[in-house]
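What follows is the content of run37.cif (mmCIF, C-alpha atoms).
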```cif
data_entry
loop_
_atom_site.label_atom_id
_atom_site.label_comp_id
_atom_site.auth_asym_id
_atom_site.auth_seq_id
_atom_site.Cartn_x
_atom_site.Cartn_y
_atom_site.Cartn_z
CA MET A 1 107.68 132.38 108.59
CA LYS A 2 108.41 131.20 105.06
CA VAL A 3 108.63 127.39 104.75
CA SER A 4 110.72 126.07 101.84
CA LEU A 5 110.14 122.54 100.50
CA LEU A 6 113.04 120.71 98.90
CA ASP A 7 111.41 118.45 96.32
CA TYR A 8 113.68 116.33 94.14
CA GLY A 9 110.83 114.17 92.79
CA ALA A 10 110.61 111.90 95.84
CA GLY A 11 106.94 111.00 95.61
CA ASN A 12 105.61 111.89 99.07
CA VAL A 13 105.60 115.65 98.63
CA ARG A 14 101.82 116.10 98.36
CA SER A 15 101.16 114.76 101.85
CA VAL A 16 104.08 116.74 103.28
CA ARG A 17 102.85 119.91 101.59
CA ASN A 18 99.33 119.31 102.94
CA ALA A 19 100.68 118.68 106.44
CA ILE A 20 102.48 122.04 106.36
CA LEU A 21 99.32 123.77 105.15
CA ALA A 22 97.28 122.02 107.86
CA ALA A 23 99.71 123.42 110.44
CA GLY A 24 98.84 126.91 109.22
CA TYR A 25 101.89 127.72 107.07
CA THR A 26 102.40 128.41 103.38
CA VAL A 27 104.96 126.58 101.28
CA ASP A 28 107.42 127.68 98.61
CA ASP A 29 109.33 125.20 96.45
CA ILE A 30 113.12 125.36 96.32
CA SER A 31 114.41 125.61 92.75
CA SER A 32 118.03 126.73 93.18
CA PRO A 33 121.00 126.47 95.57
CA GLU A 34 120.59 130.19 96.32
CA GLU A 35 117.08 129.58 97.60
CA ILE A 36 118.46 126.96 100.02
CA LEU A 37 121.00 129.45 101.34
CA ASN A 38 118.34 132.15 101.75
CA SER A 39 115.65 129.93 103.30
CA GLU A 40 114.17 130.61 106.72
CA CYS A 41 113.06 127.01 107.24
CA ILE A 42 113.61 123.92 105.05
CA ILE A 43 111.66 120.66 104.94
CA PHE A 44 113.33 117.88 102.95
CA PRO A 45 111.21 114.73 102.37
CA GLY A 46 112.43 111.69 100.50
CA VAL A 47 111.71 108.07 99.63
CA GLY A 48 113.42 105.58 97.33
CA SER A 49 117.09 105.24 96.47
CA TYR A 50 119.88 106.97 98.44
CA GLY A 51 122.02 107.00 95.30
CA SER A 52 119.33 108.65 93.21
CA ALA A 53 118.70 111.28 95.88
CA MET A 54 122.39 112.20 96.22
CA THR A 55 122.82 112.25 92.44
CA VAL A 56 120.00 114.76 92.06
CA LEU A 57 121.30 116.90 94.93
CA LYS A 58 124.76 117.02 93.37
CA GLU A 59 123.53 117.67 89.83
CA ARG A 60 121.48 120.63 91.02
CA GLY A 61 124.19 121.98 93.30
CA TYR A 62 121.98 121.44 96.32
CA ASP A 63 124.50 119.32 98.25
CA GLU A 64 127.00 122.10 98.98
CA ALA A 65 124.22 124.58 99.66
CA LEU A 66 122.69 122.18 102.21
CA ARG A 67 126.05 121.63 103.90
CA THR A 68 126.40 125.38 104.28
CA TYR A 69 122.83 125.80 105.53
CA LEU A 70 123.26 122.98 108.08
CA LYS A 71 126.82 123.75 109.16
CA ASP A 72 126.09 125.46 112.48
CA CYS A 73 122.78 123.68 113.23
CA ASP A 74 121.18 127.06 113.91
CA ARG A 75 118.71 127.20 111.01
CA PRO A 76 115.43 125.22 111.03
CA PHE A 77 115.53 122.02 109.00
CA LEU A 78 113.31 118.93 108.98
CA GLY A 79 114.45 115.89 107.00
CA ILE A 80 112.16 112.90 106.45
CA CYS A 81 113.26 109.32 105.71
CA LEU A 82 115.94 109.78 102.99
CA GLY A 83 115.99 113.40 104.11
CA MET A 84 117.44 112.05 107.35
CA GLN A 85 119.66 109.35 105.86
CA THR A 86 121.42 111.74 103.48
CA LEU A 87 122.60 113.78 106.47
CA PHE A 88 125.00 110.95 107.36
CA GLU A 89 128.40 110.19 105.89
CA SER A 90 127.49 107.45 103.45
CA SER A 91 125.20 104.56 102.56
CA GLU A 92 125.96 100.99 101.58
CA GLU A 93 122.69 100.77 99.65
CA PHE A 94 124.55 100.52 96.35
CA LEU A 95 126.41 97.39 97.53
CA GLY A 96 123.30 95.23 97.42
CA HIS A 97 122.95 91.89 99.21
CA ASP A 98 126.30 90.49 98.11
CA GLY A 99 128.28 93.37 99.65
CA ASP A 100 130.55 93.41 96.60
CA ALA A 101 133.72 95.13 97.80
CA THR A 102 134.47 96.37 94.26
CA LYS A 103 131.44 98.66 94.46
CA LYS A 104 131.70 101.94 96.30
CA THR A 105 129.49 103.21 99.07
CA ILE A 106 127.56 106.38 98.29
CA GLU A 107 128.76 109.58 99.92
CA GLY A 108 126.16 111.57 101.85
CA LEU A 109 126.13 115.13 103.11
CA GLY A 110 128.35 114.19 106.06
CA VAL A 111 126.59 116.43 108.56
CA ILE A 112 126.21 113.60 111.10
CA PRO A 113 128.77 110.83 111.82
CA GLY A 114 127.67 107.36 110.80
CA LYS A 115 126.81 105.16 107.84
CA VAL A 116 123.48 103.92 106.54
CA ILE A 117 123.40 100.12 106.34
CA ARG A 118 120.90 97.42 105.40
CA PHE A 119 118.89 95.44 107.93
CA ASP A 120 120.31 91.95 108.45
CA ASP A 121 117.76 89.37 107.28
CA ASP A 122 118.76 87.12 110.17
CA ALA A 123 118.22 89.81 112.82
CA VAL A 124 114.79 91.17 111.84
CA PRO A 125 111.42 89.60 110.95
CA ALA A 126 111.46 90.89 107.35
CA VAL A 127 113.13 93.45 105.12
CA PRO A 128 111.92 96.12 104.56
CA HIS A 129 110.63 97.28 107.93
CA ILE A 130 107.07 98.38 107.12
CA GLY A 131 104.41 99.45 109.58
CA TRP A 132 103.63 101.27 112.80
CA ASN A 133 106.33 101.21 115.48
CA GLY A 134 107.20 103.19 118.59
CA ARG A 135 110.05 105.47 119.59
CA ILE A 136 112.27 105.65 122.67
CA PRO A 137 113.10 109.30 123.49
CA HIS A 138 116.74 110.21 124.08
CA GLN A 139 116.06 113.96 124.34
CA SER A 140 113.16 116.18 125.28
CA SER A 141 112.30 118.45 122.38
CA PRO A 142 109.60 120.94 121.39
CA VAL A 143 109.07 118.75 118.31
CA LEU A 144 107.86 115.86 120.50
CA SER A 145 106.16 117.94 123.17
CA THR A 146 102.71 116.57 122.32
CA SER A 147 103.86 112.98 121.66
CA GLU A 148 104.17 110.01 123.98
CA GLU A 149 106.20 106.82 123.61
CA LYS A 150 102.99 104.88 123.05
CA ASP A 151 102.15 107.00 119.99
CA GLU A 152 103.27 104.86 117.06
CA VAL A 153 104.49 106.33 113.79
CA TYR A 154 104.75 104.90 110.29
CA PHE A 155 108.01 103.39 109.02
CA VAL A 156 108.96 101.97 105.62
CA HIS A 157 112.66 101.33 105.00
CA SER A 158 115.25 98.64 104.26
CA TYR A 159 118.26 100.63 105.46
CA TYR A 160 118.93 102.17 108.85
CA VAL A 161 121.48 104.17 110.84
CA PRO A 162 123.21 102.29 113.69
CA ILE A 163 123.76 104.04 117.00
CA ILE A 164 127.45 104.74 117.54
CA GLU A 165 129.35 106.83 120.05
CA GLU A 166 130.09 109.51 117.46
CA ASN A 167 126.42 110.22 116.69
CA ASN A 168 124.98 109.59 120.15
CA ASP A 169 124.59 113.31 120.89
CA TRP A 170 122.39 113.67 117.80
CA ILE A 171 119.85 110.98 118.69
CA LEU A 172 116.37 112.28 119.42
CA THR A 173 114.69 108.86 119.44
CA SER A 174 115.64 105.25 118.81
CA THR A 175 113.47 102.33 117.70
CA THR A 176 113.92 98.56 117.86
CA TYR A 177 113.04 96.18 115.05
CA GLY A 178 113.74 92.53 115.74
CA ASN A 179 117.14 92.44 117.41
CA GLN A 180 118.25 95.77 115.99
CA ARG A 181 118.10 99.14 117.76
CA TYR A 182 118.61 102.07 115.40
CA VAL A 183 118.32 105.84 115.07
CA SER A 184 114.70 106.76 114.32
CA SER A 185 115.10 110.54 114.64
CA VAL A 186 117.82 113.10 115.28
CA GLN A 187 118.11 116.64 116.53
CA LYS A 188 120.92 119.03 117.24
CA GLY A 189 120.12 122.70 117.59
CA CYS A 190 117.53 123.53 114.94
CA VAL A 191 118.30 120.53 112.71
CA VAL A 192 115.71 117.77 113.04
CA ALA A 193 115.18 114.64 110.96
CA THR A 194 113.11 111.46 111.17
CA GLN A 195 113.47 107.97 109.72
CA PHE A 196 109.70 107.54 110.03
CA HIS A 197 107.13 109.38 107.94
CA PRO A 198 105.20 111.96 109.99
CA GLU A 199 103.10 112.80 106.92
CA LYS A 200 101.76 109.23 107.00
CA SER A 201 101.42 109.01 110.80
CA GLY A 202 98.02 110.57 111.33
CA THR A 203 97.42 113.06 114.13
CA THR A 204 100.73 112.21 115.81
CA GLY A 205 102.58 113.10 112.62
CA LEU A 206 100.62 116.29 112.04
CA ASN A 207 101.49 117.41 115.55
CA ILE A 208 105.19 116.80 114.82
CA PHE A 209 104.97 119.12 111.80
CA LYS A 210 103.02 121.70 113.79
CA ASN A 211 105.38 121.56 116.78
CA PHE A 212 108.46 121.83 114.56
CA LEU A 213 107.12 124.82 112.62
CA GLN A 214 105.80 126.69 115.64
CA ALA A 215 109.05 126.18 117.58
CA ALA A 216 111.07 127.28 114.55
CA GLU A 217 108.99 130.45 114.27
CA LYS A 218 109.23 131.20 118.00
CA GLY A 219 112.96 130.52 118.16
CA THR A 220 112.53 127.71 120.71
CA LEU A 221 113.34 124.76 118.44
CA SER A 222 116.79 124.19 119.96
CA ASN A 223 115.44 123.93 123.53
CA THR A 224 116.35 120.29 124.08
CA SER A 225 117.78 118.31 126.97
CA SER A 226 119.10 114.77 127.38
CA LEU A 227 116.93 112.08 128.95
CA PRO A 228 117.95 108.93 130.85
CA ILE A 229 117.72 105.82 128.65
CA ASP A 230 116.83 102.32 129.77
CA PRO A 231 119.11 100.09 127.66
CA SER A 232 116.61 97.23 127.91
CA SER A 233 113.68 99.26 126.54
CA GLN A 234 112.11 97.97 123.35
CA THR A 235 109.55 99.01 120.76
CA SER A 236 107.54 96.71 118.53
CA LEU A 237 105.47 96.71 115.37
CA VAL A 238 101.77 97.26 115.94
CA LYS A 239 99.15 95.70 113.68
CA ARG A 240 96.71 98.22 112.21
CA VAL A 241 93.91 97.76 109.72
CA VAL A 242 94.90 100.99 107.94
CA VAL A 243 98.33 100.61 106.35
CA ALA A 244 99.23 104.31 106.38
CA LEU A 245 97.59 107.70 106.78
CA ASP A 246 97.86 110.69 104.46
CA VAL A 247 96.81 114.33 104.63
CA ARG A 248 94.48 115.11 101.74
CA SER A 249 91.73 117.51 100.69
CA ASN A 250 88.14 116.34 101.03
CA ASP A 251 85.27 117.34 98.72
CA GLN A 252 84.85 120.57 100.65
CA GLY A 253 88.51 121.47 100.22
CA ASP A 254 89.38 120.86 103.88
CA LEU A 255 92.62 119.08 104.76
CA VAL A 256 91.86 115.83 106.59
CA VAL A 257 93.69 112.69 107.68
CA THR A 258 92.61 109.76 105.52
CA LYS A 259 93.71 106.27 104.51
CA GLY A 260 97.00 106.55 102.67
CA ASP A 261 99.11 104.78 100.08
CA GLN A 262 101.95 102.48 101.07
CA TYR A 263 105.32 103.31 99.59
CA ASP A 264 106.74 100.42 97.57
CA VAL A 265 110.28 99.71 98.79
CA ARG A 266 110.42 95.97 98.22
CA GLU A 267 113.69 94.39 97.21
CA ASN A 268 114.70 93.66 93.60
CA GLU A 269 116.34 90.41 94.59
CA ARG A 270 113.30 89.10 96.37
CA ARG A 271 110.39 90.51 94.33
CA GLU A 272 110.81 90.89 90.59
CA GLY A 273 110.61 94.24 88.92
CA LEU A 274 110.52 96.35 92.07
CA SER A 275 113.16 98.71 93.37
CA SER A 276 114.69 98.86 96.83
CA GLY A 277 114.20 101.91 99.00
CA ALA A 278 115.37 103.82 102.05
#
```
Could you show the structure in this file as structure tokens?
Amino acid sequence: MKVSLLDYGAGNVRSVRNAILAAGYTVDDISSPEEILNSECIIFPGVGSYGSAMTVLKERGYDEALRTYLKDCDRPFLGICLGMQTLFESSEEFLGHDGDATKKTIEGLGVIPGKVIRFDDDAVPAVPHIGWNGRIPHQSSPVLSTSEEKDEVYFVHSYYVPIIEENNDWILTSTTYGNQRYVSSVQKGCVVATQFHPEKSGTTGLNIFKNFLQAAEKGTLSNTSSLPIDPSSQTSLVKRVVVALDVRSNDQGDLVVTKGDQYDVRENERREGLSSGA
């Protein structure tokens, strides 16, 4: 199976590319809308600004090609972080802290109902949400077949997708941060996306890539079923000495999991000279 990587200059592509290679697949880079339409399997990673991501997608004509590719949810797709957020209708990221009503929200791909909003400073310990947290499964899925709830994954984001009735059938997992429960991954048919970064989540993350790709190749990716949810269930941040984990080549050329770099998504308003992120 040919795996196509949609790289718009996001910054985390090396680890994603290495994770795909470690799963036993080769990678081709997407360079035109036609290549999106003709892809067998797309992986779309992203970090940083929602507005910047959507601007690049529109300028390159990728937005309409992605909508077509994703329309029937029958073609393999894995979105990561902003790659998940852009699937929704819009983001308020551009509004900033003041919520200036004269500024417009940013339109997304509109594949999934819902809007991306900022964490409320009064409802969570800190913004952004950075670190290892758990997931509460809403569906069984081949993608998570080797994962357990206790297996934490790596998050770094200031904006999140609230759970609403209209997107409930998309939710693969949810996560809690402070007093806020939000969508941490989605799946419908062959379309999968995560708010967390599997490429920075060690063995658990590598298995997510491997499971996704193998199920896509076998044609079993859409074999999901709903699970009962305990509304009182919670996840929590876990302290780890290693901030994040990457997939890199060692001196022998082998791909290994090693200590990774932390994405910088700190807020402009709170820390000078730094940009906000997904």
Residue IDs satisfying the PyMOL selection byres ((chain A and resi 202-210) around 8), as an MDAnalysis selection string:
chainID A and resid 19:20 22:23 143:144 146:147 151:153 197:201 211:214 245:247 257:258
For region 27-39 of chain A, find every residue with an atom within 6 Å (counting only C-alpha atoms), except residues of its own chain fewer than 6 positions away, and show them as a ChimeraX atom specification.
/A:3-6,61-62,65,69
Just say which residues the PyMOL selection byres ((chain A and resi 188) around 8) picks in this file, as a ChimeraX atom specification.
/A:73,169-170,186-187,189-192,222
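CA of Arg118 (chain A) to CA of Val161 (chain A) spans 8.7 Å [interatomic distance, one decimal].
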CA of Leu66 (chain A) and CA of Lys2 (chain A), how far apart in Å?
17.1 Å
